[in-house]
$ cat coords25.cif   # mmCIF, C-alpha atoms
data_input
loop_
_atom_site.label_atom_id
_atom_site.label_comp_id
_atom_site.auth_asym_id
_atom_site.auth_seq_id
_atom_site.Cartn_x
_atom_site.Cartn_y
_atom_site.Cartn_z
CA MET W 1 31.16 34.81 1.93
CA SER W 2 32.59 31.42 2.90
CA GLU W 3 33.03 32.55 6.51
CA LEU W 4 29.43 33.79 6.64
CA ARG W 5 28.16 30.50 5.23
CA ASP W 6 30.20 28.49 7.75
CA HIS W 7 28.89 30.67 10.57
CA LEU W 8 25.28 30.19 9.46
CA LEU W 9 25.79 26.44 9.15
CA ASN W 10 26.62 26.34 12.85
CA THR W 11 23.10 27.61 13.57
CA PRO W 12 19.74 26.27 12.37
CA VAL W 13 18.92 29.59 10.62
CA LEU W 14 20.26 28.76 7.16
CA ALA W 15 18.81 25.25 6.96
CA ILE W 16 15.36 26.31 8.19
CA ALA W 17 15.26 29.39 5.93
CA LEU W 18 16.35 27.32 2.93
CA THR W 19 13.73 24.65 3.64
CA LEU W 20 10.86 27.10 4.10
CA ALA W 21 11.85 29.15 1.03
CA ALA W 22 12.07 25.99 -1.11
CA TYR W 23 8.67 24.79 0.06
CA LEU W 24 6.98 28.14 -0.58
CA ALA W 25 8.54 28.25 -4.04
CA GLY W 26 7.44 24.66 -4.67
CA LEU W 27 3.91 25.49 -3.52
CA LYS W 28 3.71 28.47 -5.87
CA ALA W 29 5.00 26.37 -8.79
CA PHE W 30 2.48 23.66 -7.90
CA GLU W 31 -0.36 26.16 -8.18
CA LYS W 32 1.01 27.52 -11.46
CA LEU W 33 1.12 23.99 -12.92
CA GLY W 34 -2.55 23.42 -12.07
CA ARG W 35 -2.03 21.28 -8.93
CA PRO W 36 -0.96 18.04 -10.70
CA SER W 37 -1.06 14.91 -8.51
CA TRP W 38 2.21 13.64 -10.05
CA CYS W 39 4.18 16.70 -8.93
CA PRO W 40 3.35 17.67 -5.31
CA PRO W 41 4.94 20.73 -3.66
CA VAL W 42 7.20 18.57 -1.50
CA LEU W 43 8.81 17.05 -4.62
CA LEU W 44 9.47 20.47 -6.13
CA ALA W 45 10.78 21.73 -2.78
CA SER W 46 13.11 18.74 -2.46
CA LEU W 47 14.54 19.33 -5.93
CA LEU W 48 15.06 23.03 -5.18
CA THR W 49 16.72 22.23 -1.86
CA ALA W 50 19.03 19.64 -3.42
CA ALA W 51 20.02 22.05 -6.20
CA THR W 52 20.73 24.82 -3.69
CA LEU W 53 22.86 22.54 -1.49
CA TRP W 54 24.85 21.53 -4.57
CA LEU W 55 25.32 25.09 -5.81
CA LEU W 56 26.42 26.34 -2.37
CA SER W 57 28.59 23.23 -1.71
CA ILE W 58 26.74 22.52 1.54
CA ASP W 59 27.18 19.00 2.87
CA TYR W 60 23.90 17.17 3.49
CA THR W 61 25.01 16.26 7.02
CA ASP W 62 25.41 19.94 7.88
CA TYR W 63 22.03 20.76 6.37
CA ARG W 64 20.29 17.92 8.22
CA ARG W 65 21.84 19.01 11.52
CA GLY W 66 20.51 22.54 11.02
CA ALA W 67 17.06 21.30 9.94
CA ALA W 68 16.73 19.05 13.00
CA TRP W 69 14.16 21.44 14.51
CA LEU W 70 11.89 20.93 11.53
CA ILE W 71 12.38 17.16 11.63
CA LEU W 72 11.40 17.26 15.31
CA LEU W 73 8.02 18.73 14.30
CA LEU W 74 7.20 15.70 12.15
CA GLY W 75 6.14 13.77 15.25
CA PRO W 76 3.57 16.29 16.56
CA ALA W 77 2.28 16.83 13.00
CA THR W 78 1.64 13.10 12.66
CA VAL W 79 -0.08 12.92 16.05
CA ALA W 80 -2.31 15.87 15.04
CA LEU W 81 -3.84 13.65 12.35
CA GLY W 82 -5.80 12.04 15.18
CA VAL W 83 -8.25 14.98 14.98
CA PRO W 84 -9.79 13.99 11.61
CA LEU W 85 -9.71 10.37 12.75
CA TYR W 86 -11.91 11.29 15.71
CA GLN W 87 -14.23 13.29 13.50
CA GLN W 88 -14.77 10.32 11.18
CA VAL W 89 -14.72 7.58 13.83
CA HIS W 90 -18.29 6.48 12.98
CA HIS W 91 -17.19 5.57 9.44
CA ILE W 92 -14.07 3.82 10.67
CA ARG W 93 -15.95 1.79 13.29
CA ALA W 94 -18.30 0.45 10.62
CA LEU W 95 -15.36 -0.89 8.55
CA TRP W 96 -12.99 -2.19 11.21
CA ARG W 97 -13.07 -5.79 9.95
CA PRO W 98 -11.98 -5.14 6.33
CA ILE W 99 -9.41 -2.65 7.61
CA LEU W 100 -7.79 -5.19 9.95
CA ILE W 101 -7.87 -7.90 7.27
CA SER W 102 -6.36 -5.80 4.50
CA LEU W 103 -3.72 -3.84 6.42
CA PRO W 104 -1.14 -6.58 7.29
CA PRO W 105 -0.72 -7.99 3.75
CA ALA W 106 -0.69 -4.46 2.28
CA ALA W 107 2.02 -3.27 4.70
CA MET W 108 4.12 -6.42 4.18
CA LEU W 109 3.87 -6.17 0.39
CA ALA W 110 4.88 -2.50 0.50
CA ALA W 111 8.16 -3.49 2.17
CA PHE W 112 8.66 -6.77 0.30
CA TYR W 113 8.48 -5.73 -3.34
CA SER W 114 11.05 -2.94 -3.06
CA VAL W 115 13.48 -5.15 -1.13
CA ALA W 116 12.95 -8.03 -3.59
CA LEU W 117 13.59 -5.82 -6.62
CA ALA W 118 16.70 -4.24 -5.05
CA TRP W 119 18.03 -7.67 -4.02
CA ALA W 120 17.49 -9.03 -7.55
CA LEU W 121 19.51 -6.10 -8.90
CA GLY W 122 22.38 -6.87 -6.50
CA ALA W 123 21.87 -4.14 -3.90
CA SER W 124 23.88 -4.24 -0.67
CA PRO W 125 22.26 -5.06 2.71
CA ARG W 126 22.50 -1.36 3.65
CA VAL W 127 20.53 -0.34 0.55
CA LEU W 128 17.95 -3.07 1.23
CA ALA W 129 17.52 -1.79 4.80
CA SER W 130 17.09 1.76 3.49
CA LEU W 131 14.34 0.82 1.04
CA ALA W 132 12.33 -1.50 3.31
CA PRO W 133 10.48 1.23 5.31
CA LYS W 134 9.79 3.44 2.26
CA SER W 135 5.99 3.36 2.70
CA VAL W 136 6.06 4.45 6.36
CA THR W 137 5.68 8.04 7.53
CA ALA W 138 9.04 9.75 8.12
CA PRO W 139 9.20 9.91 11.97
CA ILE W 140 8.64 6.15 12.22
CA ALA W 141 10.69 5.30 9.12
CA ILE W 142 13.75 7.09 10.52
CA GLY W 143 13.63 4.96 13.69
CA ILE W 144 13.16 1.72 11.71
CA THR W 145 16.02 2.58 9.34
CA GLU W 146 18.41 3.24 12.22
CA GLN W 147 17.34 0.00 13.89
CA ILE W 148 17.94 -2.26 10.87
CA GLY W 149 21.12 -0.54 9.68
CA GLY W 150 20.00 1.52 6.69
CA SER W 151 20.94 4.95 5.39
CA ILE W 152 18.56 7.76 6.38
CA PRO W 153 19.32 10.01 3.36
CA LEU W 154 18.66 7.09 0.98
CA MET W 155 15.51 6.15 2.88
CA MET W 156 14.22 9.72 2.66
CA GLY W 157 14.76 9.66 -1.10
CA GLY W 158 12.83 6.40 -1.36
CA LEU W 159 10.12 7.87 0.85
CA LEU W 160 9.67 10.84 -1.47
CA ILE W 161 9.55 8.75 -4.65
CA THR W 162 7.13 6.29 -3.06
CA GLY W 163 4.74 9.04 -1.99
CA VAL W 164 4.70 10.65 -5.43
CA MET W 165 4.33 7.33 -7.30
CA ALA W 166 1.60 6.08 -4.94
CA THR W 167 -0.40 9.28 -5.34
CA THR W 168 -0.06 9.19 -9.14
CA CYS W 169 -0.88 5.49 -9.48
CA VAL W 170 -3.87 5.59 -7.12
CA GLY W 171 -5.34 8.52 -9.05
CA PHE W 172 -4.80 6.76 -12.39
CA LEU W 173 -6.19 3.39 -11.27
CA ALA W 174 -9.15 4.95 -9.47
CA LYS W 175 -10.26 6.56 -12.73
CA ARG W 176 -9.70 3.38 -14.76
CA LEU W 177 -11.50 1.14 -12.23
CA ARG W 178 -14.14 3.80 -11.48
CA ILE W 179 -13.49 3.77 -7.75
CA THR W 180 -15.06 6.83 -6.13
CA ASP W 181 -15.51 5.74 -2.51
CA GLN W 182 -13.49 8.22 -0.44
CA ARG W 183 -12.98 5.65 2.30
CA VAL W 184 -11.24 3.23 -0.07
CA LEU W 185 -9.20 5.89 -1.85
CA GLY W 186 -8.10 7.50 1.41
CA PHE W 187 -7.08 4.24 3.04
CA VAL W 188 -5.07 3.16 -0.01
CA LEU W 189 -3.33 6.54 -0.22
CA GLY W 190 -2.42 6.41 3.48
CA VAL W 191 -1.11 2.84 3.42
CA ASN W 192 1.00 3.28 0.29
CA GLY W 193 1.76 6.99 0.11
CA HIS W 194 2.30 7.95 3.80
CA ALA W 195 2.18 11.74 4.38
CA ILE W 196 2.23 12.71 0.69
CA GLY W 197 -0.69 10.39 0.01
CA THR W 198 -2.51 11.71 3.07
CA VAL W 199 -2.19 15.29 1.85
CA ARG W 200 -3.67 14.22 -1.48
CA ALA W 201 -6.49 12.41 0.34
CA PHE W 202 -7.46 15.57 2.24
CA GLU W 203 -7.77 17.31 -1.12
CA LEU W 204 -10.39 14.69 -2.03
CA GLY W 205 -12.40 15.31 1.14
CA PRO W 206 -12.44 14.97 4.95
CA THR W 207 -13.53 11.31 4.86
CA ALA W 208 -10.69 10.37 2.51
CA GLY W 209 -8.28 12.33 4.71
CA ALA W 210 -9.42 10.54 7.87
CA PHE W 211 -9.03 7.10 6.29
CA ALA W 212 -5.64 8.08 4.89
CA SER W 213 -4.56 9.14 8.39
CA LEU W 214 -5.76 5.81 9.72
CA GLY W 215 -3.97 3.86 6.99
CA MET W 216 -0.74 5.78 7.46
CA SER W 217 -0.81 5.41 11.25
CA LEU W 218 -1.61 1.70 11.27
CA THR W 219 0.96 0.98 8.57
CA GLY W 220 3.59 2.78 10.62
CA ILE W 221 2.74 0.87 13.81
CA PHE W 222 2.56 -2.51 12.06
CA THR W 223 5.81 -1.98 10.14
CA ALA W 224 7.66 -0.76 13.25
CA LEU W 225 6.74 -4.04 14.96
CA PHE W 226 7.02 -6.40 11.99
CA LEU W 227 10.02 -5.19 9.95
CA PRO W 228 12.83 -5.24 12.57
CA LEU W 229 11.70 -8.71 13.68
CA ALA W 230 11.58 -9.98 10.08
CA TRP W 231 15.04 -8.46 9.48
CA ARG W 232 16.51 -10.42 12.38
CA VAL W 233 14.80 -13.67 11.39
CA LEU W 234 15.96 -13.40 7.77
CA GLY W 235 19.46 -12.37 8.89
CA VAL W 236 19.75 -9.72 6.19
#

$ encode --input "coords25.cif" --output "structure tokens"
Amino acid sequence: MSELRDHLLNTPVLAIALTLAAYLAGLKAFEKLGRPSWCPPVLLASLLTAATLWLLSIDYTDYRRGAAWLILLLGPATVALGVPLYQQVHHIRALWRPILISLPPAAMLAAFYSVALAWALGASPRVLASLAPKSVTAPIAIGITEQIGGSIPLMMGGLLITGVMATTCVGFLAKRLRITDQRVLGFVLGVNGHAIGTVRAFELGPTAGAFASLGMSLTGIFTALFLPLAWRVLGV
């Protein structure tokens, strides 16, 4: 059994099969639970994957090497979000001023508060660098993390928690503040919740999904330019 496992680990078959099986199981559990915003399929799939890796004593490095083909698809999947952007371009064009005004402070705050809290609790520079890009979509966040000296596994964990918490908090606050404008909800979900928030936005409607795609894309571009520069200036 050990020899078979080692053989499969040398190919991408085991990692890809495990990932897809965990996601399908997470999706089924999500439907059974009534599609709660606080527990998206990707969270359930991540927990199932982590438990399986632990039970089978598979090192995360080996798993990540095998799942590299799936990680490679994150880029094209992100680019494909340009389709709903094009379909809703008339809405976006009408709001370009408030979008450009609100995006920079929102993206900077998303990086700042996590780093400030971790620093106050005595985190190391490597942990700080891993948490800083937590609100950016994974393909861009991986590049930023490598550039500023963080840990990709830790960053991915922060990315998952951020997406789930952003989706939950936006849904809660939108009800309390009676915000129903899909443009506002979508943009906020994209800026703060990256891909997980964008998935939730598409469940609200195509307009919310388009604005979430815009928010996620612009946040990624801005953070990729701003964060490495700020890291050098601050000398973290």

$ closest_atom_pairs --input "coords25.cif" --of "stretch 94-162 of chain W" --to "stretch 200-212 of chain W" --cutoff "12 Å" --atoms "only C-alpha atoms" --output "CSV"
residue,atom,partner,partner_atom,distance
W:Leu95,CA,W:Phe211,CA,10.4
W:Trp96,CA,W:Phe211,CA,11.2
W:Ile99,CA,W:Phe211,CA,9.8
W:Thr137,CA,W:Ala212,CA,11.6

$ residues_around --input "coords25.cif" --residues "W:Pro228" --least-positions-apart "2" --cutoff "8 Å" --atoms "only C-alpha atoms" --output "count of residues only"
9

$ residues_around --input "coords25.cif" --residues "stretch 45-54 of chain W" --least-positions-apart "2" --cutoff "8 Å" --atoms "only C-alpha atoms" --output "VMD selection string"
chain W and resid 18 to 19 22 to 27 41 to 43 56 to 60

$ closest_residue --input "coords25.cif" --among "W:Ile16, W:Trp119, W:Lys32, W:Ile142" --to "W:Leu74" --atoms "only C-alpha atoms"
W:Ile142

$ resolve_selection --input "coords25.cif" --expression "the PyMOL selection byres ((chain W and resi 145) around 10)" --output "list in words"
Arg126, Ala129, Ser130, Leu131, Ala132, Pro133, Lys134, Ile140, Ala141, Ile142, Gly143, Ile144, Glu146, Gln147, Ile148, Gly149, Gly150, Ser151, Ile152, Leu154, Met155, Met156, Ala224, Leu227 and Pro228 of chain W

$ closest_residue --input "coords25.cif" --among "W:Ala106, W:Ala174, W:Leu121, W:Ala116" --to "W:Gly190" --atoms "all atoms listed in the file"
W:Ala106

$ resolve_selection --input "coords25.cif" --expression "the PyMOL selection byres ((chain W and resi 188) around 12)" --output "number ranges by chain"
W: 99, 102-103, 106-107, 110, 135, 163, 166-167, 169-171, 173-174, 179, 181-187, 189-194, 197-198, 200-201, 208-216, 218-219

$ write_last_selection --input "coords25.cif" --atoms "C-alpha atoms" --output "PDB file, keeping the file's coordinate frame"
ATOM      1  CA  ILE W  99      -9.410  -2.650   7.610  1.00  0.00           C
ATOM      2  CA  SER W 102      -6.360  -5.800   4.500  1.00  0.00           C
ATOM      3  CA  LEU W 103      -3.720  -3.840   6.420  1.00  0.00           C
ATOM      4  CA  ALA W 106      -0.690  -4.460   2.280  1.00  0.00           C
ATOM      5  CA  ALA W 107       2.020  -3.270   4.700  1.00  0.00           C
ATOM      6  CA  ALA W 110       4.880  -2.500   0.500  1.00  0.00           C
ATOM      7  CA  SER W 135       5.990   3.360   2.700  1.00  0.00           C
ATOM      8  CA  GLY W 163       4.740   9.040  -1.990  1.00  0.00           C
ATOM      9  CA  ALA W 166       1.600   6.080  -4.940  1.00  0.00           C
ATOM     10  CA  THR W 167      -0.400   9.280  -5.340  1.00  0.00           C
ATOM     11  CA  CYS W 169      -0.880   5.490  -9.480  1.00  0.00           C
ATOM     12  CA  VAL W 170      -3.870   5.590  -7.120  1.00  0.00           C
ATOM     13  CA  GLY W 171      -5.340   8.520  -9.050  1.00  0.00           C
ATOM     14  CA  LEU W 173      -6.190   3.390 -11.270  1.00  0.00           C
ATOM     15  CA  ALA W 174      -9.150   4.950  -9.470  1.00  0.00           C
ATOM     16  CA  ILE W 179     -13.490   3.770  -7.750  1.00  0.00           C
ATOM     17  CA  ASP W 181     -15.510   5.740  -2.510  1.00  0.00           C
ATOM     18  CA  GLN W 182     -13.490   8.220  -0.440  1.00  0.00           C
ATOM     19  CA  ARG W 183     -12.980   5.650   2.300  1.00  0.00           C
ATOM     20  CA  VAL W 184     -11.240   3.230  -0.070  1.00  0.00           C
ATOM     21  CA  LEU W 185      -9.200   5.890  -1.850  1.00  0.00           C
ATOM     22  CA  GLY W 186      -8.100   7.500   1.410  1.00  0.00           C
ATOM     23  CA  PHE W 187      -7.080   4.240   3.040  1.00  0.00           C
ATOM     24  CA  LEU W 189      -3.330   6.540  -0.220  1.00  0.00           C
ATOM     25  CA  GLY W 190      -2.420   6.410   3.480  1.00  0.00           C
ATOM     26  CA  VAL W 191      -1.110   2.840   3.420  1.00  0.00           C
ATOM     27  CA  ASN W 192       1.000   3.280   0.290  1.00  0.00           C
ATOM     28  CA  GLY W 193       1.760   6.990   0.110  1.00  0.00           C
ATOM     29  CA  HIS W 194       2.300   7.950   3.800  1.00  0.00           C
ATOM     30  CA  GLY W 197      -0.690  10.390   0.010  1.00  0.00           C
ATOM     31  CA  THR W 198      -2.510  11.710   3.070  1.00  0.00           C
ATOM     32  CA  ARG W 200      -3.670  14.220  -1.480  1.00  0.00           C
ATOM     33  CA  ALA W 201      -6.490  12.410   0.340  1.00  0.00           C
ATOM     34  CA  ALA W 208     -10.690  10.370   2.510  1.00  0.00           C
ATOM     35  CA  GLY W 209      -8.280  12.330   4.710  1.00  0.00           C
ATOM     36  CA  ALA W 210      -9.420  10.540   7.870  1.00  0.00           C
ATOM     37  CA  PHE W 211      -9.030   7.100   6.290  1.00  0.00           C
ATOM     38  CA  ALA W 212      -5.640   8.080   4.890  1.00  0.00           C
ATOM     39  CA  SER W 213      -4.560   9.140   8.390  1.00  0.00           C
ATOM     40  CA  LEU W 214      -5.760   5.810   9.720  1.00  0.00           C
ATOM     41  CA  GLY W 215      -3.970   3.860   6.990  1.00  0.00           C
ATOM     42  CA  MET W 216      -0.740   5.780   7.460  1.00  0.00           C
ATOM     43  CA  LEU W 218      -1.610   1.700  11.270  1.00  0.00           C
ATOM     44  CA  THR W 219       0.960   0.980   8.570  1.00  0.00           C
TER      45      THR W 219
END

$ closest_residue --input "coords25.cif" --among "W:Leu72, W:Pro40, W:Ile196, W:Arg65" --to "W:Lys28" --atoms "all atoms listed in the file"
W:Pro40

$ build_atoms --input "coords25.cif" --residues "stretch 97-124 of chain W" --atoms "N, CA and C atoms" --output "PDB file, keeping the file's coordinate frame"
ATOM      1  N   ARG W  97     -13.465  -4.447  10.375  1.00  0.00           N
ATOM      2  CA  ARG W  97     -13.070  -5.790   9.950  1.00  0.00           C
ATOM      3  C   ARG W  97     -12.265  -5.776   8.646  1.00  0.00           C
ATOM      4  N   PRO W  98     -12.783  -5.182   7.558  1.00  0.00           N
ATOM      5  CA  PRO W  98     -11.980  -5.140   6.330  1.00  0.00           C
ATOM      6  C   PRO W  98     -10.664  -4.385   6.498  1.00  0.00           C
ATOM      7  N   ILE W  99     -10.647  -3.391   7.381  1.00  0.00           N
ATOM      8  CA  ILE W  99      -9.410  -2.650   7.610  1.00  0.00           C
ATOM      9  C   ILE W  99      -8.358  -3.560   8.239  1.00  0.00           C
ATOM     10  N   LEU W 100      -8.740  -4.311   9.270  1.00  0.00           N
ATOM     11  CA  LEU W 100      -7.790  -5.190   9.950  1.00  0.00           C
ATOM     12  C   LEU W 100      -7.347  -6.350   9.071  1.00  0.00           C
ATOM     13  N   ILE W 101      -8.224  -6.789   8.163  1.00  0.00           N
ATOM     14  CA  ILE W 101      -7.870  -7.900   7.270  1.00  0.00           C
ATOM     15  C   ILE W 101      -6.915  -7.450   6.172  1.00  0.00           C
ATOM     16  N   SER W 102      -7.143  -6.256   5.647  1.00  0.00           N
ATOM     17  CA  SER W 102      -6.360  -5.800   4.500  1.00  0.00           C
ATOM     18  C   SER W 102      -5.033  -5.152   4.868  1.00  0.00           C
ATOM     19  N   LEU W 103      -4.927  -4.600   6.070  1.00  0.00           N
ATOM     20  CA  LEU W 103      -3.720  -3.840   6.420  1.00  0.00           C
ATOM     21  C   LEU W 103      -2.449  -4.694   6.470  1.00  0.00           C
ATOM     22  N   PRO W 104      -2.403  -5.837   7.201  1.00  0.00           N
ATOM     23  CA  PRO W 104      -1.140  -6.580   7.290  1.00  0.00           C
ATOM     24  C   PRO W 104      -0.555  -6.992   5.944  1.00  0.00           C
ATOM     25  N   PRO W 105      -1.328  -7.630   5.044  1.00  0.00           N
ATOM     26  CA  PRO W 105      -0.720  -7.990   3.750  1.00  0.00           C
ATOM     27  C   PRO W 105      -0.295  -6.765   2.937  1.00  0.00           C
ATOM     28  N   ALA W 106      -1.055  -5.669   3.027  1.00  0.00           N
ATOM     29  CA  ALA W 106      -0.690  -4.460   2.280  1.00  0.00           C
ATOM     30  C   ALA W 106       0.631  -3.880   2.798  1.00  0.00           C
ATOM     31  N   ALA W 107       0.787  -3.818   4.112  1.00  0.00           N
ATOM     32  CA  ALA W 107       2.020  -3.270   4.700  1.00  0.00           C
ATOM     33  C   ALA W 107       3.214  -4.168   4.406  1.00  0.00           C
ATOM     34  N   MET W 108       3.014  -5.493   4.466  1.00  0.00           N
ATOM     35  CA  MET W 108       4.120  -6.420   4.180  1.00  0.00           C
ATOM     36  C   MET W 108       4.538  -6.355   2.720  1.00  0.00           C
ATOM     37  N   LEU W 109       3.552  -6.268   1.817  1.00  0.00           N
ATOM     38  CA  LEU W 109       3.870  -6.170   0.390  1.00  0.00           C
ATOM     39  C   LEU W 109       4.608  -4.880   0.071  1.00  0.00           C
ATOM     40  N   ALA W 110       4.232  -3.790   0.739  1.00  0.00           N
ATOM     41  CA  ALA W 110       4.880  -2.500   0.500  1.00  0.00           C
ATOM     42  C   ALA W 110       6.379  -2.569   0.805  1.00  0.00           C
ATOM     43  N   ALA W 111       6.745  -3.327   1.833  1.00  0.00           N
ATOM     44  CA  ALA W 111       8.160  -3.490   2.170  1.00  0.00           C
ATOM     45  C   ALA W 111       8.816  -4.553   1.292  1.00  0.00           C
ATOM     46  N   PHE W 112       8.065  -5.621   0.984  1.00  0.00           N
ATOM     47  CA  PHE W 112       8.660  -6.770   0.300  1.00  0.00           C
ATOM     48  C   PHE W 112       9.067  -6.482  -1.131  1.00  0.00           C
ATOM     49  N   TYR W 113       8.183  -5.832  -1.907  1.00  0.00           N
ATOM     50  CA  TYR W 113       8.480  -5.730  -3.340  1.00  0.00           C
ATOM     51  C   TYR W 113       9.691  -4.848  -3.614  1.00  0.00           C
ATOM     52  N   SER W 114       9.881  -3.789  -2.833  1.00  0.00           N
ATOM     53  CA  SER W 114      11.050  -2.940  -3.060  1.00  0.00           C
ATOM     54  C   SER W 114      12.338  -3.666  -2.681  1.00  0.00           C
ATOM     55  N   VAL W 115      12.299  -4.392  -1.560  1.00  0.00           N
ATOM     56  CA  VAL W 115      13.480  -5.150  -1.130  1.00  0.00           C
ATOM     57  C   VAL W 115      13.786  -6.265  -2.135  1.00  0.00           C
ATOM     58  N   ALA W 116      12.746  -6.944  -2.627  1.00  0.00           N
ATOM     59  CA  ALA W 116      12.950  -8.030  -3.590  1.00  0.00           C
ATOM     60  C   ALA W 116      13.560  -7.515  -4.887  1.00  0.00           C
ATOM     61  N   LEU W 117      13.053  -6.387  -5.386  1.00  0.00           N
ATOM     62  CA  LEU W 117      13.590  -5.820  -6.620  1.00  0.00           C
ATOM     63  C   LEU W 117      15.045  -5.377  -6.433  1.00  0.00           C
ATOM     64  N   ALA W 118      15.333  -4.704  -5.308  1.00  0.00           N
ATOM     65  CA  ALA W 118      16.700  -4.240  -5.050  1.00  0.00           C
ATOM     66  C   ALA W 118      17.649  -5.425  -4.888  1.00  0.00           C
ATOM     67  N   TRP W 119      17.188  -6.473  -4.204  1.00  0.00           N
ATOM     68  CA  TRP W 119      18.030  -7.670  -4.020  1.00  0.00           C
ATOM     69  C   TRP W 119      18.316  -8.338  -5.370  1.00  0.00           C
ATOM     70  N   ALA W 120      17.310  -8.420  -6.231  1.00  0.00           N
ATOM     71  CA  ALA W 120      17.490  -9.030  -7.550  1.00  0.00           C
ATOM     72  C   ALA W 120      18.487  -8.244  -8.401  1.00  0.00           C
ATOM     73  N   LEU W 121      18.578  -6.943  -8.153  1.00  0.00           N
ATOM     74  CA  LEU W 121      19.510  -6.100  -8.900  1.00  0.00           C
ATOM     75  C   LEU W 121      20.887  -6.022  -8.233  1.00  0.00           C
ATOM     76  N   GLY W 122      21.076  -6.785  -7.142  1.00  0.00           N
ATOM     77  CA  GLY W 122      22.380  -6.870  -6.500  1.00  0.00           C
ATOM     78  C   GLY W 122      22.685  -5.790  -5.484  1.00  0.00           C
ATOM     79  N   ALA W 123      21.651  -5.202  -4.886  1.00  0.00           N
ATOM     80  CA  ALA W 123      21.870  -4.140  -3.900  1.00  0.00           C
ATOM     81  C   ALA W 123      22.499  -4.690  -2.626  1.00  0.00           C
ATOM     82  N   SER W 124      23.236  -3.840  -1.923  1.00  0.00           N
ATOM     83  CA  SER W 124      23.880  -4.240  -0.670  1.00  0.00           C
ATOM     84  C   SER W 124      22.861  -4.309   0.462  1.00  0.00           C
TER      85      SER W 124
END
